[in-house]
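Data block for work22.tsv (TSV, C-alpha atoms):
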chain	number	residue	atom	x	y	z
A	1	MET	CA	-18.63	42.58	-10.94
A	2	SER	CA	-15.21	44.17	-11.24
A	3	PRO	CA	-13.53	44.22	-14.66
A	4	ARG	CA	-11.20	41.35	-15.36
A	5	HIS	CA	-7.48	41.78	-15.13
A	6	THR	CA	-5.79	40.45	-18.24
A	7	PRO	CA	-2.19	39.27	-18.47
A	8	VAL	CA	-2.03	39.75	-22.23
A	9	VAL	CA	-0.73	43.33	-21.96
A	10	MET	CA	1.97	42.22	-19.54
A	11	LEU	CA	3.11	39.54	-21.95
A	12	HIS	CA	3.55	41.77	-24.99
A	13	PRO	CA	7.18	41.86	-26.21
A	14	MET	CA	7.28	45.61	-25.39
A	15	ASP	CA	5.89	45.02	-21.91
A	16	PRO	CA	7.50	47.21	-19.20
A	17	LEU	CA	8.38	44.07	-17.25
A	18	LYS	CA	11.06	43.60	-19.90
A	19	ILE	CA	11.12	39.84	-19.43
A	20	GLN	CA	14.19	38.50	-21.13
A	21	ALA	CA	13.55	34.80	-21.77
A	22	ASP	CA	16.65	32.74	-22.38
A	23	THR	CA	15.80	30.35	-25.18
A	24	ALA	CA	18.35	27.90	-23.78
A	25	ALA	CA	16.26	27.63	-20.60
A	26	GLU	CA	13.59	25.41	-22.09
A	27	PRO	CA	10.59	25.19	-19.72
A	28	THR	CA	10.01	21.88	-17.99
A	29	VAL	CA	6.59	20.26	-17.93
A	30	GLN	CA	6.15	21.49	-14.35
A	31	VAL	CA	6.97	25.07	-15.36
A	32	VAL	CA	4.57	24.89	-18.30
A	33	GLU	CA	1.74	23.70	-16.08
A	34	ARG	CA	2.46	26.36	-13.46
A	35	ALA	CA	2.55	29.03	-16.15
A	36	ALA	CA	-0.77	27.82	-17.50
A	37	ALA	CA	-2.26	27.97	-14.01
A	38	TRP	CA	-1.06	31.57	-13.68
A	39	MET	CA	-2.64	32.47	-17.01
A	40	ALA	CA	-5.93	30.87	-16.03
A	41	HIS	CA	-6.05	32.67	-12.69
A	42	LEU	CA	-5.15	36.06	-14.15
A	43	GLU	CA	-7.96	35.66	-16.66
A	44	SER	CA	-10.47	35.05	-13.85
A	45	ASP	CA	-12.53	37.49	-11.83
A	46	ASP	CA	-10.66	36.39	-8.69
A	47	ALA	CA	-7.26	37.87	-9.58
A	48	ASP	CA	-6.28	40.98	-7.64
A	49	GLU	CA	-3.26	43.30	-7.56
A	50	LYS	CA	-1.37	41.04	-5.17
A	51	ASP	CA	-1.84	38.14	-7.61
A	52	HIS	CA	-0.37	40.26	-10.38
A	53	ALA	CA	2.59	41.20	-8.19
A	54	ASP	CA	3.16	37.53	-7.29
A	55	PHE	CA	2.97	36.66	-10.97
A	56	ARG	CA	5.65	39.23	-11.82
A	57	ARG	CA	7.93	37.82	-9.14
A	58	TRP	CA	7.41	34.28	-10.44
A	59	CYS	CA	8.30	35.38	-13.98
A	60	ALA	CA	11.52	36.91	-12.71
A	61	GLU	CA	12.61	33.83	-10.75
A	62	HIS	CA	13.98	31.93	-13.77
A	63	PRO	CA	14.29	32.51	-17.53
A	64	SER	CA	12.21	29.40	-18.24
A	65	HIS	CA	9.26	30.97	-16.42
A	66	ALA	CA	9.31	34.00	-18.67
A	67	LEU	CA	9.76	31.88	-21.78
A	68	ALA	CA	6.73	29.72	-20.98
A	69	ILE	CA	4.58	32.79	-20.31
A	70	GLN	CA	5.74	34.55	-23.47
A	71	ARG	CA	4.85	31.51	-25.58
A	72	MET	CA	1.42	31.30	-24.00
A	73	GLY	CA	0.96	35.02	-24.35
A	74	GLY	CA	1.53	34.74	-28.08
A	75	LEU	CA	-1.10	32.07	-28.31
A	76	SER	CA	-3.51	34.14	-26.23
A	77	ARG	CA	-3.20	37.05	-28.62
A	78	ARG	CA	-3.99	34.90	-31.63
A	79	THR	CA	-7.02	32.94	-30.43
A	80	GLU	CA	-9.64	33.04	-27.70
A	81	ILE	CA	-10.12	29.28	-27.56
A	82	GLU	CA	-6.67	28.67	-26.00
A	83	ARG	CA	-7.41	31.25	-23.33
A	84	GLU	CA	-10.73	29.55	-22.60
A	85	THR	CA	-8.92	26.23	-22.33
A	86	LEU	CA	-6.63	27.62	-19.65
A	87	ARG	CA	-9.54	29.04	-17.71
A	88	LEU	CA	-11.54	25.81	-17.79
A	89	LEU	CA	-8.65	23.43	-17.30
A	90	PHE	CA	-7.09	25.14	-14.30
A	91	THR	CA	-10.23	26.11	-12.38
A	92	ARG	CA	-12.16	23.32	-10.66
A	93	PRO	CA	-15.41	22.63	-12.60
A	94	SER	CA	-18.47	23.29	-10.48
A	95	THR	CA	-20.91	21.41	-12.70
A	96	ARG	CA	-20.92	18.52	-15.14
A	97	ARG	CA	-21.78	20.99	-17.87
A	98	CYS	CA	-18.56	22.91	-17.17
A	99	ASN	CA	-16.58	19.67	-17.05
A	100	GLY	CA	-17.96	18.72	-20.45
A	101	ALA	CA	-16.99	22.12	-21.80
A	102	VAL	CA	-13.37	21.43	-20.88
A	103	GLY	CA	-13.40	18.27	-22.94
A	104	LEU	CA	-14.98	19.96	-25.94
A	105	VAL	CA	-12.50	22.83	-25.90
A	106	LEU	CA	-9.53	20.50	-25.52
A	107	PHE	CA	-10.80	18.23	-28.29
A	108	ALA	CA	-11.17	21.19	-30.64
A	109	LEU	CA	-7.65	22.32	-29.87
A	110	LEU	CA	-6.15	18.88	-30.32
A	111	MET	CA	-7.89	18.46	-33.66
A	112	THR	CA	-6.48	21.78	-34.88
A	113	GLY	CA	-2.94	21.43	-33.61
A	114	GLY	CA	-3.83	23.23	-30.40
A	115	GLY	CA	-0.70	25.10	-29.46
A	116	TRP	CA	2.67	24.47	-27.85
A	117	PHE	CA	1.50	24.74	-24.26
A	118	LEU	CA	-1.41	22.31	-24.73
A	119	ARG	CA	0.83	19.49	-25.90
A	120	GLN	CA	3.00	19.92	-22.79
A	121	LEU	CA	0.34	19.91	-20.09
A	122	PRO	CA	0.06	16.73	-18.00
A	123	ALA	CA	-3.51	17.72	-17.20
A	124	VAL	CA	-4.39	17.41	-20.89
A	125	GLN	CA	-2.65	14.05	-21.19
A	126	VAL	CA	-4.57	12.79	-18.15
A	127	ARG	CA	-7.92	13.99	-19.50
A	128	PHE	CA	-7.42	11.99	-22.72
A	129	ALA	CA	-5.79	8.94	-21.07
A	130	ASP	CA	-6.86	5.46	-22.17
A	131	GLU	CA	-7.83	4.51	-18.61
A	132	ARG	CA	-8.71	6.70	-15.62
A	133	ALA	CA	-9.91	6.11	-12.07
A	134	PRO	CA	-11.95	8.99	-10.62
A	135	ILE	CA	-11.19	10.36	-7.16
A	136	GLY	CA	-12.31	7.90	-4.50
A	137	GLU	CA	-12.61	4.95	-6.87
A	138	ILE	CA	-10.52	1.98	-8.01
A	139	ARG	CA	-10.48	0.73	-11.60
A	140	SER	CA	-9.38	-2.79	-12.59
A	141	VAL	CA	-8.60	-3.49	-16.25
A	142	VAL	CA	-7.68	-6.76	-17.98
A	143	LEU	CA	-5.13	-5.90	-20.66
A	144	PRO	CA	-4.95	-7.53	-24.13
A	145	ASP	CA	-2.02	-9.75	-23.04
A	146	GLY	CA	-3.98	-11.14	-20.08
A	147	SER	CA	-2.22	-8.98	-17.48
A	148	ARG	CA	-4.30	-7.09	-14.92
A	149	MET	CA	-3.83	-3.38	-14.24
A	150	VAL	CA	-5.45	-1.72	-11.23
A	151	LEU	CA	-5.59	2.08	-10.98
A	152	ALA	CA	-6.02	3.83	-7.63
A	153	SER	CA	-8.02	6.97	-6.93
A	154	ASN	CA	-7.30	9.88	-9.29
A	155	SER	CA	-4.94	7.86	-11.50
A	156	ALA	CA	-4.55	7.71	-15.27
A	157	ALA	CA	-2.60	5.59	-17.75
A	158	ASP	CA	-2.14	5.04	-21.46
A	159	ILE	CA	-1.89	1.52	-22.92
A	160	ASP	CA	0.27	0.53	-25.88
A	161	MET	CA	0.05	-3.18	-26.71
A	162	GLY	CA	0.39	-5.23	-29.87
A	163	SER	CA	3.09	-5.81	-32.49
A	164	GLY	CA	5.64	-6.82	-29.90
A	165	ARG	CA	4.76	-4.09	-27.38
A	166	ARG	CA	3.50	-4.49	-23.81
A	167	ASN	CA	3.77	-0.93	-22.56
A	168	VAL	CA	1.73	1.04	-20.04
A	169	ARG	CA	2.47	4.72	-19.41
A	170	LEU	CA	1.40	5.90	-15.97
A	171	LEU	CA	0.53	9.58	-16.23
A	172	ARG	CA	-0.57	10.16	-12.66
A	173	GLY	CA	-1.34	8.28	-9.46
A	174	ASP	CA	-0.93	4.62	-8.48
A	175	LEU	CA	-0.93	1.45	-10.52
A	176	LEU	CA	-0.73	-2.24	-9.65
A	177	ALA	CA	0.44	-4.55	-12.43
A	178	ASP	CA	-0.23	-8.29	-12.18
A	179	VAL	CA	1.77	-9.40	-15.18
A	180	ALA	CA	0.75	-12.38	-17.32
A	181	LYS	CA	3.64	-14.81	-17.72
A	182	GLY	CA	4.75	-16.83	-20.72
A	183	GLN	CA	5.10	-13.86	-23.09
A	184	ALA	CA	8.08	-13.24	-25.35
A	185	THR	CA	7.93	-9.47	-24.79
A	186	ARG	CA	8.60	-7.97	-21.39
A	187	PHE	CA	5.92	-5.90	-19.69
A	188	ARG	CA	6.92	-2.27	-19.09
A	189	VAL	CA	5.43	0.56	-17.05
A	190	GLU	CA	6.82	3.94	-18.06
A	191	THR	CA	6.61	7.37	-16.45
A	192	ALA	CA	8.35	10.66	-17.14
A	193	ASP	CA	11.02	9.58	-14.63
A	194	GLY	CA	11.91	6.15	-15.99
A	195	VAL	CA	10.71	2.61	-16.67
A	196	ALA	CA	9.94	-0.50	-14.63
A	197	GLU	CA	10.33	-3.72	-16.62
A	198	ALA	CA	8.71	-6.87	-15.23
A	199	LEU	CA	10.59	-10.14	-15.17
A	200	GLY	CA	7.28	-12.04	-14.69
A	201	THR	CA	5.92	-10.37	-11.59
A	202	SER	CA	3.51	-8.20	-9.62
A	203	PHE	CA	4.51	-4.66	-8.71
A	204	THR	CA	3.19	-1.19	-8.00
A	205	VAL	CA	4.15	2.17	-9.47
A	206	ARG	CA	3.30	5.63	-8.16
A	207	LYS	CA	3.76	8.80	-10.22
A	208	ASP	CA	3.43	12.18	-8.57
A	209	GLU	CA	4.66	15.66	-9.44
A	210	ARG	CA	8.20	15.10	-8.20
A	211	ALA	CA	9.14	11.46	-8.72
A	212	THR	CA	8.17	7.85	-9.42
A	213	LEU	CA	8.08	5.14	-6.74
A	214	VAL	CA	8.33	1.45	-7.69
A	215	THR	CA	7.66	-1.39	-5.22
A	216	VAL	CA	7.92	-5.11	-6.00
A	217	VAL	CA	5.24	-7.47	-4.70
A	218	SER	CA	6.49	-10.74	-6.20
A	219	SER	CA	9.30	-11.99	-8.46
A	220	GLN	CA	11.62	-9.25	-9.82
A	221	VAL	CA	11.49	-5.90	-11.59
A	222	ARG	CA	14.25	-4.05	-13.41
A	223	VAL	CA	14.02	-0.27	-12.93
A	224	CYS	CA	15.88	2.27	-15.06
A	225	PRO	CA	15.92	6.08	-14.90
A	226	ASN	CA	14.84	8.21	-17.82
A	227	VAL	CA	18.34	9.15	-19.01
A	228	ASP	CA	20.48	8.29	-21.99
A	229	GLY	CA	22.81	5.39	-21.43
A	230	ASN	CA	23.30	1.67	-21.83
A	231	GLY	CA	21.51	0.44	-18.73
A	232	LEU	CA	23.63	2.60	-16.45
A	233	GLY	CA	21.96	3.35	-13.14
A	234	CYS	CA	19.42	0.51	-13.43
A	235	GLU	CA	18.46	-1.61	-10.42
A	236	THR	CA	16.87	-5.07	-10.14
A	237	LEU	CA	14.40	-5.35	-7.27
A	238	SER	CA	13.04	-8.31	-5.32
A	239	PRO	CA	9.81	-8.58	-3.28
A	240	GLY	CA	9.41	-5.78	-0.75
A	241	GLU	CA	12.18	-3.68	-2.27
A	242	ARG	CA	11.43	-0.11	-3.36
A	243	VAL	CA	13.13	2.65	-5.32
A	244	ARG	CA	12.49	6.29	-6.12
A	245	LEU	CA	13.18	7.61	-9.63
A	246	ALA	CA	13.80	11.32	-10.02
A	247	ASP	CA	16.21	13.57	-11.90
A	248	GLY	CA	17.81	10.61	-13.70
A	249	ILE	CA	18.71	8.83	-10.45
A	250	VAL	CA	17.41	5.58	-8.90
A	251	THR	CA	17.44	5.75	-5.10
A	252	ARG	CA	16.78	2.68	-2.96
A	253	LEU	CA	14.28	3.11	-0.12
A	254	PRO	CA	13.74	0.97	3.01
A	255	ALA	CA	12.03	-2.33	2.18
A	256	ILE	CA	8.43	-2.93	3.24
A	257	VAL	CA	6.10	-5.91	3.65
A	258	PRO	CA	5.01	-6.67	0.06
A	259	ALA	CA	1.33	-6.95	1.01
A	260	ASP	CA	1.39	-3.39	2.36
A	261	ALA	CA	2.20	-2.13	-1.15
A	262	THR	CA	-1.12	-3.45	-2.51
A	263	ALA	CA	-3.41	-2.78	0.49
A	264	TRP	CA	-4.95	0.18	-1.36
A	265	VAL	CA	-6.43	-2.26	-3.91
A	266	GLU	CA	-8.79	-3.37	-1.13
A	267	GLY	CA	-9.24	0.21	0.09
A	268	TRP	CA	-6.93	0.10	3.11
A	269	LEU	CA	-3.93	2.08	4.34
A	270	PRO	CA	-1.66	0.16	6.73
A	271	ALA	CA	0.55	2.26	9.02
A	272	ASN	CA	3.19	1.09	11.45
A	273	GLY	CA	4.69	4.15	13.08
A	274	LYS	CA	3.97	6.14	9.93
A	275	PRO	CA	4.25	9.95	10.15
A	276	LEU	CA	0.81	11.49	10.60
A	277	VAL	CA	1.43	13.95	7.76
A	278	GLU	CA	2.03	11.02	5.37
A	279	VAL	CA	-1.22	9.40	6.45
A	280	LEU	CA	-3.06	12.67	5.79
A	281	ASP	CA	-1.36	12.92	2.38
A	282	GLU	CA	-2.62	9.43	1.51
A	283	LEU	CA	-6.15	10.21	2.65
A	284	ASN	CA	-6.12	13.35	0.49
A	285	ARG	CA	-5.46	11.24	-2.59
A	286	TRP	CA	-8.93	9.74	-2.09
A	287	ARG	CA	-10.83	12.98	-1.35
A	288	GLU	CA	-12.46	15.54	-3.61
A	289	SER	CA	-11.67	18.29	-1.08
A	290	PRO	CA	-8.39	18.03	0.85
A	291	ILE	CA	-7.77	17.83	4.56
A	292	ARG	CA	-5.79	20.97	5.45
A	293	PHE	CA	-2.95	20.84	7.95
A	294	ASP	CA	0.31	22.46	9.02
A	295	ARG	CA	3.09	20.00	8.15
A	296	ALA	CA	5.62	21.64	10.44
A	297	ALA	CA	3.31	21.54	13.47
A	298	LEU	CA	2.48	17.83	12.98
A	299	ARG	CA	5.79	16.52	11.67
A	300	ASP	CA	6.82	14.64	14.85
A	301	LEU	CA	3.53	12.72	15.27
A	302	ARG	CA	3.36	9.08	14.22
A	303	VAL	CA	0.44	6.69	13.95
A	304	SER	CA	-0.18	2.96	13.66
A	305	GLY	CA	-3.22	1.08	12.45
A	306	ILE	CA	-5.14	0.08	9.34
A	307	PHE	CA	-7.24	2.90	7.96
A	308	PRO	CA	-10.08	2.86	5.38
A	309	LEU	CA	-9.01	5.08	2.51
A	310	ARG	CA	-12.56	5.82	1.39
A	311	ASP	CA	-13.86	6.84	4.83
A	312	SER	CA	-11.39	9.52	5.87
A	313	ASP	CA	-13.93	11.26	8.12
A	314	SER	CA	-14.00	8.25	10.45
A	315	VAL	CA	-10.20	8.05	10.28
A	316	LEU	CA	-9.94	11.66	11.43
A	317	ALA	CA	-12.39	11.02	14.28
A	318	ASN	CA	-10.22	8.14	15.50
A	319	LEU	CA	-6.98	10.11	15.11
A	320	VAL	CA	-8.35	12.95	17.24
A	321	ARG	CA	-8.91	10.49	20.09
A	322	ALA	CA	-5.39	9.07	19.81
A	323	GLN	CA	-3.28	12.10	18.87
A	324	PRO	CA	-2.75	15.62	20.29
A	325	ILE	CA	-4.67	17.20	17.43
A	326	ILE	CA	-7.95	19.05	16.94
A	327	ILE	CA	-10.25	19.38	13.94
A	328	ASP	CA	-11.80	22.60	12.75
A	329	ALA	CA	-14.80	21.35	10.79
A	330	ALA	CA	-16.26	24.75	9.97
A	331	ASN	CA	-15.72	23.72	6.36
A	332	THR	CA	-17.15	20.21	6.45
A	333	ARG	CA	-15.86	19.36	2.98
A	334	SER	CA	-12.29	20.40	3.76
A	335	PRO	CA	-11.57	20.19	7.52
A	336	THR	CA	-8.43	21.70	9.07
A	337	ILE	CA	-6.18	19.71	11.42
A	338	SER	CA	-4.02	21.55	13.94
A	339	ARG	CA	-1.90	20.71	16.96
A	340	LYS	CA	-3.52	20.90	20.38
A	341	PRO	CA	-2.17	23.83	22.43
A	342	LYS	CA	0.11	22.66	25.21
This structure in structure tokens:
Amino acid sequence: MSPRHTPVVMLHPMDPLKIQADTAAEPTVQVVERAAAWMAHLESDDADEKDHADFRRWCAEHPSHALAIQRMGGLSRRTEIERETLRLLFTRPSTRRCNGAVGLVLFALLMTGGGWFLRQLPAVQVRFADERAPIGEIRSVVLPDGSRMVLASNSAADIDMGSGRRNVRLLRGDLLADVAKGQATRFRVETADGVAEALGTSFTVRKDERATLVTVVSSQVRVCPNVDGNGLGCETLSPGERVRLADGIVTRLPAIVPADATAWVEGWLPANGKPLVEVLDELNRWRESPIRFDRAALRDLRVSGIFPLRDSDSVLANLVRAQPIIIDAANTRSPTISRKPK
């Protein structure tokens, strides 16, 4: 086994990279997570010279990148347990034993104050969420106020109810809220991008890395971006209406059939002229190992039908018969889709 490359030397204040981190360029959550992933990879046996070169380029792209790495580097020099956390958290566990080790390390860190980077990582928040749905599964929860919350595959949420609060924070994935009526306090679903406040209703919320999507199934929902202000930029939505929240802006999207927004609760994906790449994206949300494909090569293909989300192999078999695509199943766990040669 080759000796490990370590990024600690590169992150020393006297490092020849001479990274000058601008303290005004505070790292975003996304930058922190990416920096942590870099640290984990560079601590592994898989990192090579090209990885180190790519890491240097990433550090130089923006001052916030260097600042995040420098902060993590300081932590790495002081304690081994933070470095082990990075390695375990950002490499896919191969066994249950390894997965349990992640939890133990994270718990120890949280109990001891754990470090700046740990408090910022969405992956840590998800691991300790109040409710989680594993990949490929759906979880339905009756909340203390009588409302029902349904989490889709690979989703996680925190619950804050009582003393005049009816709040759910969606950390990742998809959520359906069937809100109990007759309550004095409004029901709210929050994400890092904003908040959806029910006016006695049923609605869905999706949180991914870039934005939040809110769709109303029945009644009305008031949606506000996560910015300072007195309700400025908020929108009130009716059944079938959708918005995207990102960067402090609420953007209206084309309306859909309300029932389509909740089809995933029964394990189905309806598509009416939907881009093939979007269908593949949805299927990947329900798979342990992703379907690989070239977005540019498939971008003009559209599909229609109702597809079972938890049987993507059969979906792919049907798509091959209907679309000009081929499947390379050499890796049966993670097949590759490509365009048929003309």
Point-to-point distance in Å for atom CA of A:Trp38 and atom CA of A:Leu67:
13.5 Å
Work out how far atom CA of A:Arg169 is from atom CA of A:Thr191, in Å to one decimal.
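Pair atom CA of A:Thr191 / atom CA of A:Arg169 returns 5.7 Å.
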Could you give me, as a PDB file with C-alpha atoms, keeping the file's coordinate frame, the residues within 10 Å of A:Ile159, counting only C-alpha atoms and dropping anything in the same chain fewer than 5 positions from it?
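Just written: part27.pdb:
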ATOM      1  CA  ALA A 129      -5.790   8.940 -21.070  1.00  0.00           C
ATOM      2  CA  ASP A 130      -6.860   5.460 -22.170  1.00  0.00           C
ATOM      3  CA  GLU A 131      -7.830   4.510 -18.610  1.00  0.00           C
ATOM      4  CA  LEU A 143      -5.130  -5.900 -20.660  1.00  0.00           C
ATOM      5  CA  PRO A 144      -4.950  -7.530 -24.130  1.00  0.00           C
ATOM      6  CA  ARG A 165       4.760  -4.090 -27.380  1.00  0.00           C
ATOM      7  CA  ARG A 166       3.500  -4.490 -23.810  1.00  0.00           C
ATOM      8  CA  ASN A 167       3.770  -0.930 -22.560  1.00  0.00           C
ATOM      9  CA  VAL A 168       1.730   1.040 -20.040  1.00  0.00           C
ATOM     10  CA  ARG A 169       2.470   4.720 -19.410  1.00  0.00           C
ATOM     11  CA  LEU A 170       1.400   5.900 -15.970  1.00  0.00           C
ATOM     12  CA  VAL A 189       5.430   0.560 -17.050  1.00  0.00           C
TER      13      VAL A 189
END
Determine the nearest neighbour of A:Ala37 from the options A:Phe55, A:Pro275, A:Asp281, A:Asp178, counting all atoms listed in the file.
A:Phe55
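Coordinates place atom CA of A:Ala177 at a distance of 18.4 Å from atom CA of A:Pro134.
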All residues 8 Å or closer to stretch 240-252 of chain A, only C-alpha atoms, same chain fewer than 2 positions away omitted, as a ChimeraX atom specification
/A:193-194,210-218,223-227,233-235,237-238,254-258
Hey, can you spit out that residue selection with C-alpha atoms as a PDB file, in the coordinates of the input?
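File produced: out21.pdb:
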ATOM      1  CA  ASP A 193      11.020   9.580 -14.630  1.00  0.00           C
ATOM      2  CA  GLY A 194      11.910   6.150 -15.990  1.00  0.00           C
ATOM      3  CA  ARG A 210       8.200  15.100  -8.200  1.00  0.00           C
ATOM      4  CA  ALA A 211       9.140  11.460  -8.720  1.00  0.00           C
ATOM      5  CA  THR A 212       8.170   7.850  -9.420  1.00  0.00           C
ATOM      6  CA  LEU A 213       8.080   5.140  -6.740  1.00  0.00           C
ATOM      7  CA  VAL A 214       8.330   1.450  -7.690  1.00  0.00           C
ATOM      8  CA  THR A 215       7.660  -1.390  -5.220  1.00  0.00           C
ATOM      9  CA  VAL A 216       7.920  -5.110  -6.000  1.00  0.00           C
ATOM     10  CA  VAL A 217       5.240  -7.470  -4.700  1.00  0.00           C
ATOM     11  CA  SER A 218       6.490 -10.740  -6.200  1.00  0.00           C
ATOM     12  CA  VAL A 223      14.020  -0.270 -12.930  1.00  0.00           C
ATOM     13  CA  CYS A 224      15.880   2.270 -15.060  1.00  0.00           C
ATOM     14  CA  PRO A 225      15.920   6.080 -14.900  1.00  0.00           C
ATOM     15  CA  ASN A 226      14.840   8.210 -17.820  1.00  0.00           C
ATOM     16  CA  VAL A 227      18.340   9.150 -19.010  1.00  0.00           C
ATOM     17  CA  GLY A 233      21.960   3.350 -13.140  1.00  0.00           C
ATOM     18  CA  CYS A 234      19.420   0.510 -13.430  1.00  0.00           C
ATOM     19  CA  GLU A 235      18.460  -1.610 -10.420  1.00  0.00           C
ATOM     20  CA  LEU A 237      14.400  -5.350  -7.270  1.00  0.00           C
ATOM     21  CA  SER A 238      13.040  -8.310  -5.320  1.00  0.00           C
ATOM     22  CA  PRO A 254      13.740   0.970   3.010  1.00  0.00           C
ATOM     23  CA  ALA A 255      12.030  -2.330   2.180  1.00  0.00           C
ATOM     24  CA  ILE A 256       8.430  -2.930   3.240  1.00  0.00           C
ATOM     25  CA  VAL A 257       6.100  -5.910   3.650  1.00  0.00           C
ATOM     26  CA  PRO A 258       5.010  -6.670   0.060  1.00  0.00           C
TER      27      PRO A 258
END
Top pick for closest residue to A:Val205, considering A:Asp158, A:Asp174, A:Asp260, A:Asp311 and counting all atoms listed in the file
A:Asp174
For a quick check of understanding, using all atoms listed in the file, which of A:Ala152, A:Ile337, A:Ala192, A:Ser140 has the smallest distance to A:Trp268?
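The closest residue to A:Trp268 is A:Ala152.
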Contact table stretch 209-271 of chain A vs stretch 291-309 of chain A, cut-off 9 Å, shortest pair per residue, all atoms listed in the file, as JSON lines:
{"residue": "A:Trp264", "atom": "CA", "partner": "A:Leu309", "partner_atom": "CA", "distance": 7.4}
{"residue": "A:Gly267", "atom": "CA", "partner": "A:Leu309", "partner_atom": "CA", "distance": 5.4}
{"residue": "A:Trp268", "atom": "CA", "partner": "A:Pro308", "partner_atom": "CA", "distance": 4.8}
{"residue": "A:Leu269", "atom": "CA", "partner": "A:Phe307", "partner_atom": "CA", "distance": 5.0}
{"residue": "A:Pro270", "atom": "CA", "partner": "A:Ile306", "partner_atom": "CA", "distance": 4.4}
{"residue": "A:Ala271", "atom": "CA", "partner": "A:Ser304", "partner_atom": "CA", "distance": 4.7}
